[in-house]
Structure formats: C-alpha cells, structure tokens
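Q: Sharing coords-v7.cif here; it has mmCIF, N, CA and C atoms.
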data_start
#
loop_
_atom_site.group_PDB
_atom_site.id
_atom_site.type_symbol
_atom_site.label_atom_id
_atom_site.label_comp_id
_atom_site.auth_asym_id
_atom_site.auth_seq_id
_atom_site.Cartn_x
_atom_site.Cartn_y
_atom_site.Cartn_z
ATOM 1 N N MET B 5 -7.030 -5.244 -41.588
ATOM 2 C CA MET B 5 -7.647 -4.774 -40.371
ATOM 3 C C MET B 5 -6.553 -4.224 -39.463
ATOM 4 N N PRO B 6 -6.715 -3.020 -38.934
ATOM 5 C CA PRO B 6 -5.686 -2.445 -38.057
ATOM 6 C C PRO B 6 -5.587 -3.230 -36.747
ATOM 7 N N ARG B 7 -4.354 -3.349 -36.268
ATOM 8 C CA ARG B 7 -4.109 -4.047 -35.013
ATOM 9 C C ARG B 7 -4.315 -3.081 -33.862
ATOM 10 N N LYS B 8 -4.900 -3.597 -32.814
ATOM 11 C CA LYS B 8 -5.054 -2.789 -31.611
ATOM 12 C C LYS B 8 -3.731 -2.766 -30.871
ATOM 13 N N ALA B 9 -3.391 -1.621 -30.348
ATOM 14 C CA ALA B 9 -2.170 -1.503 -29.552
ATOM 15 C C ALA B 9 -2.350 -2.285 -28.252
ATOM 16 N N ALA B 10 -1.311 -2.976 -27.859
ATOM 17 C CA ALA B 10 -1.363 -3.715 -26.597
ATOM 18 C C ALA B 10 -1.503 -2.736 -25.441
ATOM 19 N N ALA B 11 -2.338 -3.109 -24.498
ATOM 20 C CA ALA B 11 -2.526 -2.243 -23.330
ATOM 21 C C ALA B 11 -1.236 -2.166 -22.534
ATOM 22 N N LYS B 12 -0.852 -0.963 -22.199
ATOM 23 C CA LYS B 12 0.354 -0.778 -21.403
ATOM 24 C C LYS B 12 0.073 -1.182 -19.969
ATOM 25 N N SER B 13 1.052 -1.842 -19.369
ATOM 26 C CA SER B 13 0.888 -2.155 -17.952
ATOM 27 C C SER B 13 1.319 -0.933 -17.165
ATOM 28 N N GLN B 14 0.461 -0.496 -16.309
ATOM 29 C CA GLN B 14 0.720 0.717 -15.551
ATOM 30 C C GLN B 14 1.273 0.345 -14.182
ATOM 31 N N GLU B 15 2.331 1.042 -13.797
ATOM 32 C CA GLU B 15 2.935 0.822 -12.494
ATOM 33 C C GLU B 15 2.743 2.072 -11.646
ATOM 34 N N GLY B 16 2.529 1.837 -10.360
ATOM 35 C CA GLY B 16 2.354 2.947 -9.441
ATOM 36 C C GLY B 16 3.222 2.769 -8.218
ATOM 37 N N SER B 17 3.326 3.828 -7.445
ATOM 38 C CA SER B 17 4.109 3.745 -6.207
ATOM 39 C C SER B 17 3.584 4.772 -5.214
ATOM 40 N N LEU B 18 3.903 4.506 -3.957
ATOM 41 C CA LEU B 18 3.467 5.378 -2.892
ATOM 42 C C LEU B 18 4.475 5.303 -1.759
ATOM 43 N N VAL B 19 4.920 6.463 -1.301
ATOM 44 C CA VAL B 19 5.827 6.533 -0.164
ATOM 45 C C VAL B 19 4.977 6.705 1.085
ATOM 46 N N LEU B 20 5.142 5.786 2.030
ATOM 47 C CA LEU B 20 4.385 5.870 3.269
ATOM 48 C C LEU B 20 4.969 6.970 4.155
ATOM 49 N N PRO B 21 4.115 7.665 4.891
ATOM 50 C CA PRO B 21 4.588 8.779 5.718
ATOM 51 C C PRO B 21 5.344 8.306 6.961
ATOM 52 N N ARG B 22 6.065 9.205 7.567
ATOM 53 C CA ARG B 22 6.843 8.912 8.774
ATOM 54 C C ARG B 22 5.941 8.488 9.930
ATOM 55 N N HIS B 23 4.798 9.146 10.069
ATOM 56 C CA HIS B 23 3.857 8.838 11.146
ATOM 57 C C HIS B 23 2.563 8.320 10.537
ATOM 58 N N MET B 24 2.243 7.073 10.844
ATOM 59 C CA MET B 24 1.002 6.466 10.358
ATOM 60 C C MET B 24 0.110 6.144 11.554
ATOM 61 N N GLU B 25 -0.196 7.180 12.279
ATOM 62 C CA GLU B 25 -1.047 7.047 13.450
ATOM 63 C C GLU B 25 -2.380 7.727 13.165
ATOM 64 N N ILE B 26 -3.391 7.350 13.920
ATOM 65 C CA ILE B 26 -4.744 7.846 13.664
ATOM 66 C C ILE B 26 -4.801 9.371 13.570
ATOM 67 N N ALA B 27 -4.032 10.062 14.375
ATOM 68 C CA ALA B 27 -4.053 11.528 14.377
ATOM 69 C C ALA B 27 -3.384 12.130 13.147
ATOM 70 N N ASP B 28 -2.528 11.365 12.477
ATOM 71 C CA ASP B 28 -1.731 11.908 11.376
ATOM 72 C C ASP B 28 -2.046 11.297 10.018
ATOM 73 N N ILE B 29 -2.983 10.384 9.947
ATOM 74 C CA ILE B 29 -3.104 9.568 8.749
ATOM 75 C C ILE B 29 -4.026 10.145 7.665
ATOM 76 N N ASP B 30 -4.799 11.171 7.970
ATOM 77 C CA ASP B 30 -5.781 11.685 7.008
ATOM 78 C C ASP B 30 -5.178 12.085 5.668
ATOM 79 N N GLU B 31 -4.089 12.821 5.675
ATOM 80 C CA GLU B 31 -3.478 13.266 4.416
ATOM 81 C C GLU B 31 -2.983 12.071 3.599
ATOM 82 N N PHE B 32 -2.381 11.102 4.268
ATOM 83 C CA PHE B 32 -1.920 9.899 3.583
ATOM 84 C C PHE B 32 -3.099 9.127 2.991
ATOM 85 N N LYS B 33 -4.183 9.026 3.730
ATOM 86 C CA LYS B 33 -5.359 8.307 3.233
ATOM 87 C C LYS B 33 -5.867 8.937 1.949
ATOM 88 N N LYS B 34 -5.891 10.259 1.884
ATOM 89 C CA LYS B 34 -6.339 10.954 0.675
ATOM 90 C C LYS B 34 -5.461 10.594 -0.508
ATOM 91 N N GLU B 35 -4.149 10.595 -0.284
ATOM 92 C CA GLU B 35 -3.202 10.262 -1.355
ATOM 93 C C GLU B 35 -3.370 8.802 -1.790
ATOM 94 N N ALA B 36 -3.482 7.899 -0.830
ATOM 95 C CA ALA B 36 -3.627 6.476 -1.141
ATOM 96 C C ALA B 36 -4.930 6.210 -1.890
ATOM 97 N N LEU B 37 -5.994 6.867 -1.494
ATOM 98 C CA LEU B 37 -7.290 6.649 -2.141
ATOM 99 C C LEU B 37 -7.271 7.044 -3.613
ATOM 100 N N LYS B 38 -6.462 8.029 -3.976
ATOM 101 C CA LYS B 38 -6.320 8.403 -5.392
ATOM 102 C C LYS B 38 -5.837 7.210 -6.208
ATOM 103 N N HIS B 39 -4.958 6.407 -5.618
ATOM 104 C CA HIS B 39 -4.411 5.253 -6.327
ATOM 105 C C HIS B 39 -5.427 4.123 -6.469
ATOM 106 N N THR B 40 -6.398 4.050 -5.585
ATOM 107 C CA THR B 40 -7.388 2.972 -5.666
ATOM 108 C C THR B 40 -8.338 3.185 -6.842
ATOM 109 N N ARG B 41 -8.374 4.375 -7.374
ATOM 110 C CA ARG B 41 -9.263 4.684 -8.496
ATOM 111 C C ARG B 41 -8.636 4.332 -9.845
ATOM 112 N N LYS B 42 -7.365 3.950 -9.823
ATOM 113 C CA LYS B 42 -6.657 3.615 -11.056
ATOM 114 C C LYS B 42 -6.418 2.122 -11.135
ATOM 115 N N LYS B 43 -6.130 1.655 -12.329
ATOM 116 C CA LYS B 43 -5.814 0.243 -12.546
ATOM 117 C C LYS B 43 -4.312 0.126 -12.755
ATOM 118 N N TYR B 44 -3.664 -0.612 -11.872
ATOM 119 C CA TYR B 44 -2.226 -0.840 -11.963
ATOM 120 C C TYR B 44 -1.962 -2.331 -12.127
ATOM 121 N N SER B 45 -0.912 -2.652 -12.857
ATOM 122 C CA SER B 45 -0.481 -4.050 -12.916
ATOM 123 C C SER B 45 0.508 -4.314 -11.785
ATOM 124 N N LYS B 46 1.271 -3.291 -11.424
ATOM 125 C CA LYS B 46 2.249 -3.395 -10.338
ATOM 126 C C LYS B 46 2.177 -2.130 -9.490
ATOM 127 N N PHE B 47 2.411 -2.323 -8.190
ATOM 128 C CA PHE B 47 2.386 -1.178 -7.278
ATOM 129 C C PHE B 47 3.443 -1.394 -6.209
ATOM 130 N N VAL B 48 4.245 -0.361 -5.949
ATOM 131 C CA VAL B 48 5.335 -0.446 -4.970
ATOM 132 C C VAL B 48 5.036 0.493 -3.807
ATOM 133 N N LEU B 49 5.125 -0.063 -2.603
ATOM 134 C CA LEU B 49 5.002 0.734 -1.381
ATOM 135 C C LEU B 49 6.379 0.912 -0.780
ATOM 136 N N ASP B 50 6.756 2.158 -0.529
ATOM 137 C CA ASP B 50 8.043 2.475 0.079
ATOM 138 C C ASP B 50 7.806 2.793 1.549
ATOM 139 N N ALA B 51 8.280 1.911 2.428
ATOM 140 C CA ALA B 51 8.040 2.053 3.866
ATOM 141 C C ALA B 51 9.263 2.563 4.613
ATOM 142 N N GLY B 52 10.262 3.034 3.904
ATOM 143 C CA GLY B 52 11.523 3.425 4.515
ATOM 144 C C GLY B 52 11.460 4.569 5.499
ATOM 145 N N GLU B 53 10.452 5.412 5.396
ATOM 146 C CA GLU B 53 10.348 6.571 6.283
ATOM 147 C C GLU B 53 9.519 6.305 7.532
ATOM 148 N N VAL B 54 8.777 5.193 7.563
ATOM 149 C CA VAL B 54 7.846 4.938 8.661
ATOM 150 C C VAL B 54 8.595 4.759 9.980
ATOM 151 N N ALA B 55 8.281 5.602 10.940
ATOM 152 C CA ALA B 55 8.890 5.533 12.269
ATOM 153 C C ALA B 55 7.862 5.127 13.318
ATOM 154 N N LEU B 56 6.605 5.559 13.111
ATOM 155 C CA LEU B 56 5.531 5.245 14.059
ATOM 156 C C LEU B 56 4.300 4.778 13.296
ATOM 157 N N ILE B 57 3.667 3.717 13.799
ATOM 158 C CA ILE B 57 2.415 3.237 13.214
ATOM 159 C C ILE B 57 1.573 2.663 14.340
ATOM 160 N N ASP B 58 0.281 2.895 14.255
ATOM 161 C CA ASP B 58 -0.623 2.343 15.262
ATOM 162 C C ASP B 58 -1.622 1.406 14.584
ATOM 163 N N THR B 59 -2.590 0.965 15.353
ATOM 164 C CA THR B 59 -3.589 0.031 14.847
ATOM 165 C C THR B 59 -4.310 0.585 13.625
ATOM 166 N N ALA B 60 -4.693 1.844 13.664
ATOM 167 C CA ALA B 60 -5.400 2.457 12.539
ATOM 168 C C ALA B 60 -4.540 2.448 11.276
ATOM 169 N N GLY B 61 -3.256 2.716 11.431
ATOM 170 C CA GLY B 61 -2.347 2.705 10.281
ATOM 171 C C GLY B 61 -2.234 1.321 9.661
ATOM 172 N N VAL B 62 -2.109 0.301 10.487
ATOM 173 C CA VAL B 62 -2.012 -1.069 9.979
ATOM 174 C C VAL B 62 -3.324 -1.481 9.328
ATOM 175 N N GLN B 63 -4.439 -1.155 9.964
ATOM 176 C CA GLN B 63 -5.737 -1.516 9.390
ATOM 177 C C GLN B 63 -5.944 -0.854 8.034
ATOM 178 N N PHE B 64 -5.537 0.398 7.914
ATOM 179 C CA PHE B 64 -5.672 1.065 6.620
ATOM 180 C C PHE B 64 -4.778 0.395 5.575
ATOM 181 N N LEU B 65 -3.545 0.063 5.949
ATOM 182 C CA LEU B 65 -2.652 -0.619 5.015
ATOM 183 C C LEU B 65 -3.233 -1.951 4.556
ATOM 184 N N VAL B 66 -3.777 -2.732 5.483
ATOM 185 C CA VAL B 66 -4.384 -4.021 5.124
ATOM 186 C C VAL B 66 -5.540 -3.806 4.156
ATOM 187 N N TRP B 67 -6.374 -2.835 4.433
ATOM 188 C CA TRP B 67 -7.491 -2.525 3.538
ATOM 189 C C TRP B 67 -6.973 -2.150 2.152
ATOM 190 N N PHE B 68 -5.993 -1.259 2.113
ATOM 191 C CA PHE B 68 -5.433 -0.795 0.846
ATOM 192 C C PHE B 68 -4.830 -1.965 0.059
ATOM 193 N N LEU B 69 -4.027 -2.799 0.727
ATOM 194 C CA LEU B 69 -3.401 -3.943 0.062
ATOM 195 C C LEU B 69 -4.448 -4.916 -0.468
ATOM 196 N N ASN B 70 -5.465 -5.209 0.324
ATOM 197 C CA ASN B 70 -6.511 -6.127 -0.120
ATOM 198 C C ASN B 70 -7.264 -5.581 -1.324
ATOM 199 N N LEU B 71 -7.545 -4.293 -1.317
ATOM 200 C CA LEU B 71 -8.242 -3.682 -2.445
ATOM 201 C C LEU B 71 -7.397 -3.751 -3.713
ATOM 202 N N MET B 72 -6.127 -3.407 -3.603
ATOM 203 C CA MET B 72 -5.249 -3.436 -4.777
ATOM 204 C C MET B 72 -5.077 -4.862 -5.310
ATOM 205 N N LYS B 73 -4.932 -5.826 -4.414
ATOM 206 C CA LYS B 73 -4.802 -7.227 -4.834
ATOM 207 C C LYS B 73 -6.084 -7.715 -5.497
ATOM 208 N N ALA B 74 -7.231 -7.289 -5.012
ATOM 209 C CA ALA B 74 -8.506 -7.678 -5.615
ATOM 210 C C ALA B 74 -8.633 -7.156 -7.037
ATOM 211 N N LYS B 75 -7.874 -6.110 -7.340
ATOM 212 C CA LYS B 75 -7.861 -5.543 -8.689
ATOM 213 C C LYS B 75 -6.741 -6.157 -9.532
ATOM 214 N N ASP B 76 -6.241 -7.322 -9.094
ATOM 215 C CA ASP B 76 -5.164 -8.043 -9.790
ATOM 216 C C ASP B 76 -3.896 -7.217 -9.931
ATOM 217 N N CYS B 77 -3.572 -6.480 -8.912
ATOM 218 C CA CYS B 77 -2.370 -5.660 -8.889
ATOM 219 C C CYS B 77 -1.301 -6.380 -8.070
ATOM 220 N N GLU B 78 -0.130 -6.508 -8.639
ATOM 221 C CA GLU B 78 1.002 -7.121 -7.942
ATOM 222 C C GLU B 78 1.622 -6.069 -7.020
ATOM 223 N N ILE B 79 1.683 -6.375 -5.733
ATOM 224 C CA ILE B 79 2.203 -5.436 -4.737
ATOM 225 C C ILE B 79 3.607 -5.846 -4.321
ATOM 226 N N SER B 80 4.481 -4.874 -4.197
ATOM 227 C CA SER B 80 5.812 -5.145 -3.653
ATOM 228 C C SER B 80 6.194 -3.998 -2.712
ATOM 229 N N TRP B 81 7.145 -4.302 -1.852
ATOM 230 C CA TRP B 81 7.628 -3.335 -0.866
ATOM 231 C C TRP B 81 9.067 -2.968 -1.172
ATOM 232 N N THR B 82 9.416 -1.746 -0.869
ATOM 233 C CA THR B 82 10.808 -1.327 -0.914
ATOM 234 C C THR B 82 11.081 -0.633 0.423
ATOM 235 N N ASN B 83 12.297 -0.757 0.895
ATOM 236 C CA ASN B 83 12.678 -0.148 2.175
ATOM 237 C C ASN B 83 11.720 -0.558 3.301
ATOM 238 N N ASP B 84 11.756 -1.824 3.636
ATOM 239 C CA ASP B 84 10.878 -2.372 4.686
ATOM 240 C C ASP B 84 10.932 -1.568 5.970
ATOM 241 N N SER B 85 9.848 -1.655 6.725
ATOM 242 C CA SER B 85 9.731 -0.982 8.017
ATOM 243 C C SER B 85 9.506 -2.021 9.110
ATOM 244 N N VAL B 86 10.420 -2.080 10.038
ATOM 245 C CA VAL B 86 10.288 -2.990 11.179
ATOM 246 C C VAL B 86 9.035 -2.629 11.972
ATOM 247 N N GLN B 87 8.749 -1.344 12.083
ATOM 248 C CA GLN B 87 7.601 -0.885 12.856
ATOM 249 C C GLN B 87 6.291 -1.442 12.286
ATOM 250 N N ILE B 88 6.163 -1.439 10.969
ATOM 251 C CA ILE B 88 4.942 -1.961 10.352
ATOM 252 C C ILE B 88 4.791 -3.444 10.657
ATOM 253 N N TYR B 89 5.857 -4.203 10.455
ATOM 254 C CA TYR B 89 5.764 -5.646 10.676
ATOM 255 C C TYR B 89 5.541 -6.000 12.144
ATOM 256 N N GLN B 90 6.148 -5.265 13.058
ATOM 257 C CA GLN B 90 5.937 -5.529 14.480
ATOM 258 C C GLN B 90 4.491 -5.268 14.882
ATOM 259 N N MET B 91 3.939 -4.140 14.463
ATOM 260 C CA MET B 91 2.559 -3.812 14.815
ATOM 261 C C MET B 91 1.593 -4.783 14.146
ATOM 262 N N ALA B 92 1.843 -5.125 12.902
ATOM 263 C CA ALA B 92 0.976 -6.075 12.202
ATOM 264 C C ALA B 92 1.008 -7.436 12.894
ATOM 265 N N ALA B 93 2.176 -7.869 13.344
ATOM 266 C CA ALA B 93 2.302 -9.145 14.045
ATOM 267 C C ALA B 93 1.538 -9.110 15.358
ATOM 268 N N GLU B 94 1.628 -8.002 16.095
ATOM 269 C CA GLU B 94 0.908 -7.871 17.351
ATOM 270 C C GLU B 94 -0.607 -7.962 17.144
ATOM 271 N N LEU B 95 -1.071 -7.505 15.983
ATOM 272 C CA LEU B 95 -2.505 -7.516 15.676
ATOM 273 C C LEU B 95 -2.942 -8.801 14.971
ATOM 274 N N GLY B 96 -1.984 -9.698 14.706
ATOM 275 C CA GLY B 96 -2.298 -10.931 13.987
ATOM 276 C C GLY B 96 -2.534 -10.700 12.502
ATOM 277 N N LEU B 97 -1.942 -9.630 11.972
ATOM 278 C CA LEU B 97 -2.148 -9.269 10.573
ATOM 279 C C LEU B 97 -0.870 -9.339 9.732
ATOM 280 N N ALA B 98 0.161 -10.000 10.249
ATOM 281 C CA ALA B 98 1.431 -10.048 9.520
ATOM 282 C C ALA B 98 1.273 -10.651 8.123
ATOM 283 N N GLU B 99 0.471 -11.697 7.996
ATOM 284 C CA GLU B 99 0.265 -12.320 6.683
ATOM 285 C C GLU B 99 -0.439 -11.383 5.733
ATOM 286 N N GLN B 100 -1.305 -10.530 6.249
ATOM 287 C CA GLN B 100 -2.023 -9.579 5.415
ATOM 288 C C GLN B 100 -1.106 -8.505 4.842
ATOM 289 N N ILE B 101 -0.036 -8.194 5.553
ATOM 290 C CA ILE B 101 0.892 -7.149 5.135
ATOM 291 C C ILE B 101 1.884 -7.667 4.095
ATOM 292 N N ASP B 102 2.233 -8.938 4.161
ATOM 293 C CA ASP B 102 3.169 -9.512 3.198
ATOM 294 C C ASP B 102 2.568 -9.471 1.810
ATOM 295 N N ALA B 103 3.336 -8.950 0.878
ATOM 296 C CA ALA B 103 2.851 -8.850 -0.501
ATOM 297 C C ALA B 103 3.054 -10.149 -1.240
#
Show me the file's structure as structure tokens.

A:
Amino acid sequence: MPRKAAAKSQEGSLVLPRHMEIADIDEFKKEALKHTRKKYSKFVLDAGEVALIDTAGVQFLVWFLNLMKAKDCEISWTNDSVQIYQMAAELGLAEQIDA
C-alpha cells in the first residue's frame, strides 16, 4: 500500500505597515485577510516598521491574532513595536497581543 506523504507545515509572515490607524488601515486589512483564508502551522508578524497605531489598529490585530490562534496557528513576533504594546496596554488588551 502506498504511503501518504506527510502534510507539510506551512509558515506565513506579514510585515505590519508604518501607520496602523483607521484612516490608513484598509490596504493592510486586505493583505491580512488573505492570510486568514490559509492554514498555517506558524505565522510571524513583523512589527518593526510600526510608528503609529490607534484603537482600530489594535482591535484589528487582536481579531487577526485570535482568528489565527483558533486555527491552531503558532504566532510569533519579530521586531517588536513599543507603540503596539503601549496602545494595547492602554486599551487593556496587552495579553491579547502577546503571542
């Protein structure tokens, strides 16, 4: 009987934009939503470019992270952003942002 090939674990990544504010976030949301349609075992968010983020940006990130985690995807961060963590803490969402 032929052996089935082991499923490859798929890894993904996304670079967060410099401005994650409600007025600027539409293009990023489109890009991020493409990733929600795929199954990843690991996903890396690069926050090194983020300079500005508002409530809408943090809320979208929390939604995105929760969705990916619900799909059993391991999330990690590279190039942390102080701005993201400060805004998330102000909103009481710091734990939601931690991968």

Q: Could you write out as a VMD selection string the residues that the PyMOL selection byres (((chain B and resi 72 and name CA) around 12) and name CA) matches in the shown file?

A: chain B and resid 16 to 17 36 to 49 65 to 71 73 to 80 103

Q: For the residues selected in the previous step, produce a file with N, CA and C atoms as a tab-separated table (two decimals), keeping the file's coordinate frame.

A:
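File written: again21.tsv
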chain	number	residue	atom	x	y	z
B	16	GLY	N	2.53	1.84	-10.36
B	16	GLY	CA	2.35	2.95	-9.44
B	16	GLY	C	3.22	2.77	-8.22
B	17	SER	N	3.33	3.83	-7.44
B	17	SER	CA	4.11	3.74	-6.21
B	17	SER	C	3.58	4.77	-5.21
B	36	ALA	N	-3.48	7.90	-0.83
B	36	ALA	CA	-3.63	6.48	-1.14
B	36	ALA	C	-4.93	6.21	-1.89
B	37	LEU	N	-5.99	6.87	-1.49
B	37	LEU	CA	-7.29	6.65	-2.14
B	37	LEU	C	-7.27	7.04	-3.61
B	38	LYS	N	-6.46	8.03	-3.98
B	38	LYS	CA	-6.32	8.40	-5.39
B	38	LYS	C	-5.84	7.21	-6.21
B	39	HIS	N	-4.96	6.41	-5.62
B	39	HIS	CA	-4.41	5.25	-6.33
B	39	HIS	C	-5.43	4.12	-6.47
B	40	THR	N	-6.40	4.05	-5.58
B	40	THR	CA	-7.39	2.97	-5.67
B	40	THR	C	-8.34	3.18	-6.84
B	41	ARG	N	-8.37	4.38	-7.37
B	41	ARG	CA	-9.26	4.68	-8.50
B	41	ARG	C	-8.64	4.33	-9.85
B	42	LYS	N	-7.36	3.95	-9.82
B	42	LYS	CA	-6.66	3.62	-11.06
B	42	LYS	C	-6.42	2.12	-11.14
B	43	LYS	N	-6.13	1.66	-12.33
B	43	LYS	CA	-5.81	0.24	-12.55
B	43	LYS	C	-4.31	0.13	-12.76
B	44	TYR	N	-3.66	-0.61	-11.87
B	44	TYR	CA	-2.23	-0.84	-11.96
B	44	TYR	C	-1.96	-2.33	-12.13
B	45	SER	N	-0.91	-2.65	-12.86
B	45	SER	CA	-0.48	-4.05	-12.92
B	45	SER	C	0.51	-4.31	-11.78
B	46	LYS	N	1.27	-3.29	-11.42
B	46	LYS	CA	2.25	-3.40	-10.34
B	46	LYS	C	2.18	-2.13	-9.49
B	47	PHE	N	2.41	-2.32	-8.19
B	47	PHE	CA	2.39	-1.18	-7.28
B	47	PHE	C	3.44	-1.39	-6.21
B	48	VAL	N	4.24	-0.36	-5.95
B	48	VAL	CA	5.34	-0.45	-4.97
B	48	VAL	C	5.04	0.49	-3.81
B	49	LEU	N	5.12	-0.06	-2.60
B	49	LEU	CA	5.00	0.73	-1.38
B	49	LEU	C	6.38	0.91	-0.78
B	65	LEU	N	-3.54	0.06	5.95
B	65	LEU	CA	-2.65	-0.62	5.01
B	65	LEU	C	-3.23	-1.95	4.56
B	66	VAL	N	-3.78	-2.73	5.48
B	66	VAL	CA	-4.38	-4.02	5.12
B	66	VAL	C	-5.54	-3.81	4.16
B	67	TRP	N	-6.37	-2.84	4.43
B	67	TRP	CA	-7.49	-2.52	3.54
B	67	TRP	C	-6.97	-2.15	2.15
B	68	PHE	N	-5.99	-1.26	2.11
B	68	PHE	CA	-5.43	-0.80	0.85
B	68	PHE	C	-4.83	-1.96	0.06
B	69	LEU	N	-4.03	-2.80	0.73
B	69	LEU	CA	-3.40	-3.94	0.06
B	69	LEU	C	-4.45	-4.92	-0.47
B	70	ASN	N	-5.46	-5.21	0.32
B	70	ASN	CA	-6.51	-6.13	-0.12
B	70	ASN	C	-7.26	-5.58	-1.32
B	71	LEU	N	-7.54	-4.29	-1.32
B	71	LEU	CA	-8.24	-3.68	-2.44
B	71	LEU	C	-7.40	-3.75	-3.71
B	73	LYS	N	-4.93	-5.83	-4.41
B	73	LYS	CA	-4.80	-7.23	-4.83
B	73	LYS	C	-6.08	-7.72	-5.50
B	74	ALA	N	-7.23	-7.29	-5.01
B	74	ALA	CA	-8.51	-7.68	-5.62
B	74	ALA	C	-8.63	-7.16	-7.04
B	75	LYS	N	-7.87	-6.11	-7.34
B	75	LYS	CA	-7.86	-5.54	-8.69
B	75	LYS	C	-6.74	-6.16	-9.53
B	76	ASP	N	-6.24	-7.32	-9.09
B	76	ASP	CA	-5.16	-8.04	-9.79
B	76	ASP	C	-3.90	-7.22	-9.93
B	77	CYS	N	-3.57	-6.48	-8.91
B	77	CYS	CA	-2.37	-5.66	-8.89
B	77	CYS	C	-1.30	-6.38	-8.07
B	78	GLU	N	-0.13	-6.51	-8.64
B	78	GLU	CA	1.00	-7.12	-7.94
B	78	GLU	C	1.62	-6.07	-7.02
B	79	ILE	N	1.68	-6.38	-5.73
B	79	ILE	CA	2.20	-5.44	-4.74
B	79	ILE	C	3.61	-5.85	-4.32
B	80	SER	N	4.48	-4.87	-4.20
B	80	SER	CA	5.81	-5.14	-3.65
B	80	SER	C	6.19	-4.00	-2.71
B	103	ALA	N	3.34	-8.95	0.88
B	103	ALA	CA	2.85	-8.85	-0.50
B	103	ALA	C	3.05	-10.15	-1.24

Q: Quick one: pull the distance between atom CA of Thr82 of chain B and atom CA of Asp30 of chain B, Å, one decimal.

A: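 About the pair atom CA of Thr82 of chain B and atom CA of Asp30 of chain B: they are 22.5 Å apart.
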
Q: Kindly give the distance, in Å, that separates atom CA of Glu53 of chain B and atom CA of Leu18 of chain B, rounded to a single decimal.

A: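 These atoms are spaced 11.5 Å apart.
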
Q: Taking the file above as input, evaluate the PyMOL selection byres ((chain B and resi 86-88) around 7) and report the hits as a list in words.

A: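 Taken on the displayed file, the PyMOL selection byres ((chain B and resi 86-88) around 7) yields the residues Val54, Ala55, Leu56, Ile57, Asp84, Ser85, Tyr89, Gln90, Met91, Ala92 and Ala93 of chain B.
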
Q: What residues have an atom no more than 7 Å from (-0.4, 3.9, 13.4) in the file's own frame, counting all atoms listed in the file, and can you write them as a ChimeraX atom specification?

A: /B:23-26,56-62

Q: Would you give me, as a ChimeraX atom specification, the residues in chain B that DSSP reads as alpha helix (DSSP H)?

A: /B:30-40,59-74,86-94,98-101

Q: In Å, how far is it from atom C of Ala98 of chain B to atom N of Glu15 of chain B?

A: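 Value for the atom C of Ala98 of chain B-atom N of Glu15 of chain B distance: 24.9 Å.
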